[in-house]
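Data first, discussion second: the structure below is written as structure tokens.
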Amino acid sequence: MLTHLGIWFFFGYVIHMFVVPLNKIVIPILGFPLGFYMAAQGSLIVFVVMLFVFARQQNRIDQEHGYAEED
Amino acid sequence: MATQTTTSSADAFYKQLGRMYGTYTGGFLAFIVFLALLEQVGVPNKVLGYFFVFFTLAVYAIIGVATRTAQISEYYVAGRRVPAFYNGMATGADWMSAASFVGMAGTLFLLGYDGLAWVLGWTGGFVLVSILVGPYLRKFGAYTVPDFLSFRFGGNTARFLGVIVLVCCSFTYVTAQIYGTGLIASRFLGMQFEIAVFAGLVGILLCAMLGGMRAVTWTQIAQYIVLIVAYLVPIVILSTKWYGIPFPQFTYGTALSEIAARESQLIKDGLAILCTKDACPPGTLRPHIQPFMNYTPLNFFGIIFCMMVGTASLPHILMRYFTTPSVKEARDSVAWSLLFIFLLYFSAPAYAAFSKLEVYTNIIGRDLNMIRPWLFQWGELGLIQICGKNAANLQAVLEACKAIPNHPGVLRFQDFVINTDVIVLSTPEIAGLPYVISGLVAAGGLAAALSTADGLLLAIANALSHDVYYKMLDPNAPTIRRLTVARVLLFFVACASAALAATKPADILAMVGWAFSLAMAGNFPAIVLGIWWKRATTTGAICGIIAGWTICLFYLVTSRYFPQAGVTYFGMSSLLNPETGKALVNVAQVLADPKWLADVPASATNPLANRVGWFDLNNINCGLLGMPLGFLVIYVVSLLGKEPSREMQAYIDEIRKPRGRTILEEKT
């Protein structure tokens with residue numbers, strides 16, 4: 001859980017503090033400046049993937065400890 | 001044996017859902033094709049617009065009436081059997097309001113990189129919902145958020161505070177949604193605005209009144225499908241037309257570099273003035289991808305934070321996770337919600353980039369006589385201004401610009417002012433698409449506004465009927481009376497907000513952004529500590545809610561409406577221009593001029609922006625003051641008081657384990 005909050009904090013805040021240097025890097029083919037891309041799409045994709053992973057992991061932990069709901 | 005039958009009937013229910021909504025989506029697409037054919041045959045635009053709006057409204061109403069219910073748990077939490085996937089879709093519609101659908105791309109257009117704070121804030125919040133709040137509230141088994149507060153912090157004081165916070169946040173929000181329906185209906189159908197507002201009201205009531213949460217859930221899913229199709233179709237076609245690839249989310253990278261090239265060209269040609277460290281007044285060009293020209297880093301990250309935490313505290317969103325069959329499904333459902341919301345939010349910057357490219361290449365820098373005609377119908381409505389006058393037609397534009405001394409006859413950057421709502425609504429016209437696509441966009445905007453309004457109204461009416469009437473006034477009320485009270489209250493709240501919306505209250509509409517900070521300051525510390533800290537006591541929570549919420553409200557109101565008092569008594573000072581770092585207003589002038597408020601230049605994206613404050617903080621970020629204070633007060637006051645009872649601590653342990661019964665069992 002703390003790992004997930006850590007990832008959330010990193011992609012929600014920390015990476016955008018470096019937007020100016022990141023903007024100098026341009027993603028090949030697509031042509032996005034990296035800093036802009038991270039805020040517009042990158043972080044969002046990370047959030048979505050993370051939530052699915054979190055749901056799976058947490059459900060597994062519940063199961064292992066015998067706290068999962070019976071179906 | 002018994003388990004088997006429930007599983008198989010749940011499976012059948014699930015399969016049937018898939019088939020139903022599959023057919024519905026297919027039917028909707030066929031309907032669009034049918035209308036496109038009608039257009040080719042020469043049916044007038046206005047008729048097509050009516051078709052779109054009334055057909056979709058009729059579908060929502062049919063779903064609403066077909067899923068009516070007389071059972072308490074169906075009415076309040078849809079019987080707790082909405083599968084994760086569908087609940088995710090319903091939450092998506094609940095969440096994405098008229099502002100997300102129509103306004104967000106426009107904000108990105110105006111603010112460039114800085115606008116992405118909203119995109120980040122409105123998506124990242126779901127991470128907090130899933131990890132800290134949602135599944136635990138589901139396990140707890142409440143009907144409303146105040147229900148939880150009252151149980152955890154024993155008694156009606158906490159419940160009542162919860163209701164106050166909820167009503168304050170939701171009422172301005174719902175008024176803005178009803179206003180949005182009125183605006184869209186009047187623009188596309190040519191109805192009178194006031195009549196359009198009440199037409200929208202009827203649509204909302206048909207969905208929400210008879211079936212409560214159950215009906216709202218199933219209509220919201222239908223509305224999500226309409227709104228996402230409507231949002232993606234125009235931009236996909238535009239991307240295919242310009243770049244040959246139907247994925248606007250990837251092609252707008254090219255558009256961004258073209259925009260940057262155009263920006264430096266415009267500055268070189270003297271058609272725009274760059275905002276620099278020395279001078280950055282309104283009307284100067286701020287490069288699209290350059291950060292922190294509109295917000296200081298503090299305010300940029302403040303917005304992200306407030307919107308995220310606000311998401312995790314808004315009752316109408318949390319309420320949706322009460323409807324899933326299990327804790328596990330609640331968790332999955334948050335992930336699905338974010339996926340469905342993400343589909344719209346990661347397309348919004350593409351709208352902004354394409355519109356900006358069109359404006360920079362085909363409008364600014366053009367000879368006035370060559371202006372594209374699509375502008376004029378928005379200019380007529382006062383949404384596009386050129387040279388300080390509404391761009392109603394070519395004649396008006398030429399005259400307005402002639403009045404400006406030394407005007408070169410070519411449109412300059414500073415001559416052009418566009419309302420943020422125009423960006424999404426005008427994209428079909430920019431791309432030269434047939435009218436049927438514009439009608440589709442209108443139907444999508446309407447779906448976005450209606451679905452959010454439904455969810456909010458339900459949140460308000462449920463809090464009033466369940467928490468205030470049933471729990472506080474008449475705990476012995478029979479089922480029938482409870483449901484009747486809920487419906488009557490819903491009706492009156494809806495009519496009150498429609499009546500308010502019909503007066504076009506500019507300030508109320510802009511207060512929607514405030515709702516996030518207020519919800520965050522009032523609810524978040526109490527909910528999170530209530531779940532995660534066994535030691536939190538009743539007195540602590542009550543003091544924390546009051547302290548956090550009051551400081552936030554105080555900052556909002558004082559910095560905006562009473563700047564003189566703020567400066568004189570509370571040590572506020574002028575905010576700074578994010579680029580130059582100079583003060584925005586002369587404080588001495590504020591004090592000397594009692595009419596100063598009237599002269600505050602309204603910012604296009606936030607008419608309620610403050611000019612004075614503490615720590616250079618925008619008032620929309622007042623949650624940054626309220627939330628930490630709330631946490632601190634709960635912590636200190638709790639430690640001073642007696643530990644909560646052993647049973648309460650055992651309950652809190654129970655909340656964290658998905659297994660077992662819900663804590664709060666309602667008699668139905």
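Every chain in the structure tokens has a letter given in the order shown (A, B, ...), and although residue numbers restart at 1 in each chain, ligands are simply numbered from 1 in the order shown.
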* **Distance query B:Gly64 at most 8 Å, only C-alpha atoms, self and fewer than 6 positions along chain excluded, as a list in words** => Leu206, Cys207, Ala208, Leu210, Gly211, Ala215, Val216, Trp218 and Thr219 of chain B
Just need the residues of chain B within 6 Å of chain A, counting only C-alpha atoms, so spit them out as a PDB file with N, CA and C atoms, in the first residue's frame.
```pdb
ATOM      1  N   GLY B 253       1.090  15.149 -30.827  1.00  0.00           N
ATOM      2  CA  GLY B 253       2.481  15.505 -30.598  1.00  0.00           C
ATOM      3  C   GLY B 253       3.024  16.340 -31.749  1.00  0.00           C
ATOM      4  N   THR B 254       2.693  15.928 -32.970  1.00  0.00           N
ATOM      5  CA  THR B 254       3.098  16.688 -34.150  1.00  0.00           C
ATOM      6  C   THR B 254       2.470  18.077 -34.121  1.00  0.00           C
ATOM      7  N   ARG B 331     -13.110  -2.378  -4.998  1.00  0.00           N
ATOM      8  CA  ARG B 331     -11.743  -2.045  -5.384  1.00  0.00           C
ATOM      9  C   ARG B 331     -11.560  -2.126  -6.899  1.00  0.00           C
ATOM     10  N   ASP B 332     -12.044  -3.222  -7.485  1.00  0.00           N
ATOM     11  CA  ASP B 332     -11.942  -3.363  -8.940  1.00  0.00           C
ATOM     12  C   ASP B 332     -12.669  -2.224  -9.631  1.00  0.00           C
ATOM     13  N   ALA B 335     -10.811   0.947 -10.173  1.00  0.00           N
ATOM     14  CA  ALA B 335      -9.881   0.851 -11.293  1.00  0.00           C
ATOM     15  C   ALA B 335     -10.623   1.022 -12.618  1.00  0.00           C
ATOM     16  N   LEU B 339     -10.265   4.002 -15.550  1.00  0.00           N
ATOM     17  CA  LEU B 339     -10.015   3.685 -16.963  1.00  0.00           C
ATOM     18  C   LEU B 339     -11.017   4.432 -17.850  1.00  0.00           C
ATOM     19  N   PHE B 346      -7.532  11.832 -21.425  1.00  0.00           N
ATOM     20  CA  PHE B 346      -6.290  11.876 -22.188  1.00  0.00           C
ATOM     21  C   PHE B 346      -6.552  12.290 -23.637  1.00  0.00           C
ATOM     22  N   LYS B 657     -11.198  -5.719   7.274  1.00  0.00           N
ATOM     23  CA  LYS B 657     -11.231  -7.070   6.728  1.00  0.00           C
ATOM     24  C   LYS B 657     -12.447  -7.215   5.827  1.00  0.00           C
ATOM     25  N   PRO B 658     -12.212  -7.558   4.572  1.00  0.00           N
ATOM     26  CA  PRO B 658     -13.349  -7.669   3.669  1.00  0.00           C
ATOM     27  C   PRO B 658     -14.350  -8.735   4.110  1.00  0.00           C
ATOM     28  N   ARG B 659     -13.864  -9.793   4.781  1.00  0.00           N
ATOM     29  CA  ARG B 659     -14.752 -10.912   5.096  1.00  0.00           C
ATOM     30  C   ARG B 659     -15.811 -10.504   6.122  1.00  0.00           C
TER      31      ARG B 659
END
```
* **Computed interatomic separation between atom CA of B:Ser645 and atom CA of B:Ala158 (Å)** =>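 Spanning atom CA of B:Ser645 to atom CA of B:Ala158 is a straight-line distance of 17.1 Å.
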* Spatial neighbours of B:Gly27, 12 Å, only C-alpha atoms, chain gap at least 4 places, as a list in words ->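 The contact residues come out as Arg19, Met20, Tyr21, Gly22, Thr23, Phe31, Ile32, Val33, Phe34, Phe55, Thr56, Val59, Ala222, Ile225 and Val226 of chain B.
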* Asked: If you measure from atom CA of B:Thr144 to atom CA of B:Arg68, what distance in Å do you get, rounded to one decimal?
  ->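 Value for the atom CA of B:Thr144-atom CA of B:Arg68 distance: 20.0 Å.
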* Non-local contacts of B:Ala592 (12 Å; only C-alpha atoms; under 5 positions in same chain excluded) as a PyMOL selection string -> chain B and resi 563-564+567-568+586-587+597
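Of the residues in stretch 292-541 of chain B, those that DSSP places in strand (DSSP E or B) on the basis of the backbone are Asp367, Ile384, Gln385, Ile386, Lys389, Asn390, Val410, Phe416, Val417 and Ile418 of chain B.
Using only C-alpha atoms, the shortest contact distance between B:Glu429 and any of B:Met96, B:Ala105, B:Ala396, B:Leu375 is found at B:Leu375.
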* What is the atom CA of B:Asp474 to atom CA of B:Ala536 distance in Å? ->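 Atom-to-atom, atom CA of B:Asp474 to atom CA of B:Ala536, that is 29.0 Å.
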* Asked: Hey, what's within 9 Å of stretch 647-655 of chain B if we count only C-alpha atoms and toss same-chain stuff fewer than 5 positions away? As a list in words, please?
  ->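 Counting only C-alpha atoms, the residues come to Pro135, Tyr136, Leu137, Arg138, Lys139, Phe140, Arg152, Gly530, Ile531, Trp532, Trp533, Lys534, Arg535, Gly660, Thr662 and Ile663 of chain B.
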* Pick out the residues sitting within 12 Å of B:Leu398, and hand them over as a list of chain:residue names; count only C-alpha atoms, and ignore anything fewer than 2 positions along from it in its own chain. =>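 Here the qualifying residues turn out to be B:Asp367, B:Leu368, B:Asn369, B:Met370, B:Ile371, B:Ile386, B:Cys387, B:Gly388, B:Lys389, B:Asn390, B:Ala391, B:Ala392, B:Asn393, B:Leu394, B:Gln395, B:Ala396, B:Ala400, B:Cys401, B:Lys402, B:Ala403, B:Ile404, B:His407, B:Pro408, B:Gly409, B:Val410, B:Leu411, B:Asp415.
Residues in contact range of B:Thr538, defined as at most 7 Å between only C-alpha atoms, with sequence neighbours fewer than 4 positions away removed, read B:Phe153, B:Gly154, B:Ile542.
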* Asked: Which residues in stretch 389-559 of chain B does DSSP call alpha helix (DSSP H)? List them as number ranges by chain.
  -> B: 394-402, 422-430, 435-462, 479-502, 506-510, 512-532, 538-559
* Between B:Tyr252, B:Trp336, B:Phe85, B:Trp514, which has the minimum distance to B:Thr240 (counting only C-alpha atoms)? ->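 When distances to B:Thr240 are compared using only C-alpha atoms, the smallest one comes from B:Tyr252.
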